[in-house]
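**Student:** Can you read through this structure? Questions will come right after.
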Amino acid sequence: MLKSVLTKEQCAGCRICCSFTMEDVWEAPVLTNFQTKEKYRAEYNFKTSEEILLCPMLNEKEGCILGDNKPFECKIWPLRVFRDENHIKIGIAKICPAFSEQSDEKLIELLRGGLYDAIKEECKRNPEIVKESADGYRMLKI
Ligand code: SF4
Ligand code: SF4
């Protein structure tokens, strides 16, 4: 979904978005059991606040084993959807090295090219992707 602004090469060797600490584990995606269709969150058993644990769907050599079936939240990361009273707003994770190079104008253009509509539709189907506002995000005025 973000191929026009994010290449595989930029993500290779980074994978920040597939690893979590105790502080940011709220970012971990909701996964789906493809047999039962049940949604669940993977368990992350941190031993210390500094420990970094990988998403169980991450193969360190091949990347996400879910491929095109990865959760919507992962498909649009480092964009994140936040609640804004009765609406939504879109934030960009400042921690993503690739997106930190992109201007607001370019990202707003990307969203207006159909992505924002796709996100709004997904929010209706899966309201759990809408998060409460958080530090560490650059908000876009769209
Ligand atoms: S943090 Fe950004 S650059 Fe790194 S893997 Fe995730 S999307 Fe790619
Ligand atoms: S589901 Fe895939 S893309 Fe999403 S965090 Fe896990 S490994 Fe990364």
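Just remember, in the structure tokens the first chain shown is A, the second B, etc., residues are 1-based per chain, and ligands are 1-based in the order shown.
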Considering only C-alpha atoms, return as an MDAnalysis selection string whatever protein or nucleic-acid residues lie within 10 Å of Asn45 of chain A, sequence-local ones (same chain, fewer than 3 positions apart) excluded.

**Tutor:** chainID A and resid 21:22 42 48 51 53

**Student:** Within 9 Å of ligand 1, counting only C-alpha atoms and all ligand atoms: which residues, as a list in words?

**Tutor:** Leu6, Thr7, Lys8, Glu9, Gln10, Cys11, Ala12, Gly13, Cys14, Arg15, Ile16, Cys17, Cys18, Cys74, Ile76, Trp77, Pro78, Leu79, Ala93, Lys94, Ile95, Cys96, Pro97, Ala98, Phe99 and Ser100 of chain A

**Student:** Keeping only C-alpha atoms, write the selected residues as a PDB file, in the first residue's frame.

**Tutor:**
ATOM      1  CA  LEU A   6       8.625   2.894   0.965  1.00  0.00           C
ATOM      2  CA  THR A   7      10.835   0.292  -0.686  1.00  0.00           C
ATOM      3  CA  LYS A   8      11.626  -3.254   0.474  1.00  0.00           C
ATOM      4  CA  GLU A   9      15.280  -2.250   0.578  1.00  0.00           C
ATOM      5  CA  GLN A  10      14.535   0.497   3.106  1.00  0.00           C
ATOM      6  CA  CYS A  11      12.831  -2.008   5.398  1.00  0.00           C
ATOM      7  CA  ALA A  12      15.392  -4.814   5.023  1.00  0.00           C
ATOM      8  CA  GLY A  13      17.518  -4.925   8.121  1.00  0.00           C
ATOM      9  CA  CYS A  14      15.355  -2.400   9.990  1.00  0.00           C
ATOM     10  CA  ARG A  15      12.123  -4.130  11.060  1.00  0.00           C
ATOM     11  CA  ILE A  16      11.558  -1.677  13.886  1.00  0.00           C
ATOM     12  CA  CYS A  17       7.841  -2.025  13.276  1.00  0.00           C
ATOM     13  CA  CYS A  18       7.875  -5.794  13.953  1.00  0.00           C
ATOM     14  CA  CYS A  74       0.981  -3.531   9.386  1.00  0.00           C
ATOM     15  CA  ILE A  76      -0.104   0.953   6.509  1.00  0.00           C
ATOM     16  CA  TRP A  77       2.627   1.264   9.148  1.00  0.00           C
ATOM     17  CA  PRO A  78       4.310   3.726   9.855  1.00  0.00           C
ATOM     18  CA  LEU A  79       0.958   5.429   9.406  1.00  0.00           C
ATOM     19  CA  ALA A  93       5.607   7.112  13.601  1.00  0.00           C
ATOM     20  CA  LYS A  94       8.653   9.345  13.968  1.00  0.00           C
ATOM     21  CA  ILE A  95      10.745   6.264  14.699  1.00  0.00           C
ATOM     22  CA  CYS A  96      10.489   5.025  11.090  1.00  0.00           C
ATOM     23  CA  PRO A  97      13.724   6.121   9.401  1.00  0.00           C
ATOM     24  CA  ALA A  98      12.265   5.876   5.883  1.00  0.00           C
ATOM     25  CA  PHE A  99       9.182   7.987   6.512  1.00  0.00           C
ATOM     26  CA  SER A 100      11.003  10.619   8.524  1.00  0.00           C
TER      27      SER A 100
END

**Student:** List all protein, DNA and RNA residues that have an atom no more than 10 Å from any atom of ligand 2, counting only C-alpha atoms and all ligand atoms, and report them as a ChimeraX atom specification.

**Tutor:** /A:15-20,27-32,42,54-60,62-77

**Student:** Which residues are near Phe82 of chain A? Cut-off 12 Å, only C-alpha atoms, ignore same chain within fewer than 4 positions. Put them as a PyMOL selection string.

**Tutor:** chain A and resi 27+73+86-93+119-120+123+127-135+137-140

**Student:** Export C-alpha atoms of the chosen residues as a CSV table (one decimal), in the first residue's frame?

**Tutor:**
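part_12.csv written:
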chain,number,residue,atom,x,y,z
A,27,GLU,CA,1.4,-1.1,18.9
A,73,GLU,CA,-2.3,-2.0,10.6
A,86,ASN,CA,-15.9,11.4,16.3
A,87,HIS,CA,-13.4,11.3,13.5
A,88,ILE,CA,-10.0,9.9,12.8
A,89,LYS,CA,-6.7,11.5,12.3
A,90,ILE,CA,-3.5,10.0,10.8
A,91,GLY,CA,-0.1,10.1,12.5
A,92,ILE,CA,3.3,9.0,11.3
A,93,ALA,CA,5.6,7.1,13.6
A,119,ILE,CA,-8.3,3.5,5.9
A,120,LYS,CA,-11.8,4.9,6.8
A,123,CYS,CA,-11.9,1.5,10.5
A,127,PRO,CA,-12.5,-0.3,14.9
A,128,GLU,CA,-9.6,-1.8,17.0
A,129,ILE,CA,-7.1,-0.2,14.6
A,130,VAL,CA,-8.1,3.2,15.9
A,131,LYS,CA,-5.8,4.1,18.8
A,132,GLU,CA,-5.8,6.8,21.4
A,133,SER,CA,-3.3,9.6,20.7
A,134,ALA,CA,0.3,8.9,21.6
A,135,ASP,CA,3.7,10.6,21.7
A,137,TYR,CA,3.8,10.6,16.1
A,138,ARG,CA,3.8,13.4,13.6
A,139,MET,CA,0.1,14.2,12.9
A,140,LEU,CA,-0.9,15.0,9.3

**Student:** Just list the residues in segment 32-98 of chain A DSSP gives alpha helix (DSSP H) on the backbone, as a PyMOL selection string.

**Tutor:** chain A and resi 72-76

**Student:** Rank nothing, just name the residue among A:Lys124, A:Lys3, A:Lys141, A:Arg80 nearest to Glu105 of chain A, using only C-alpha atoms.

**Tutor:**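 Checking each of A:Lys124, A:Lys3, A:Lys141, A:Arg80 against Glu105 of chain A, counting only C-alpha atoms, the winner is A:Lys141.
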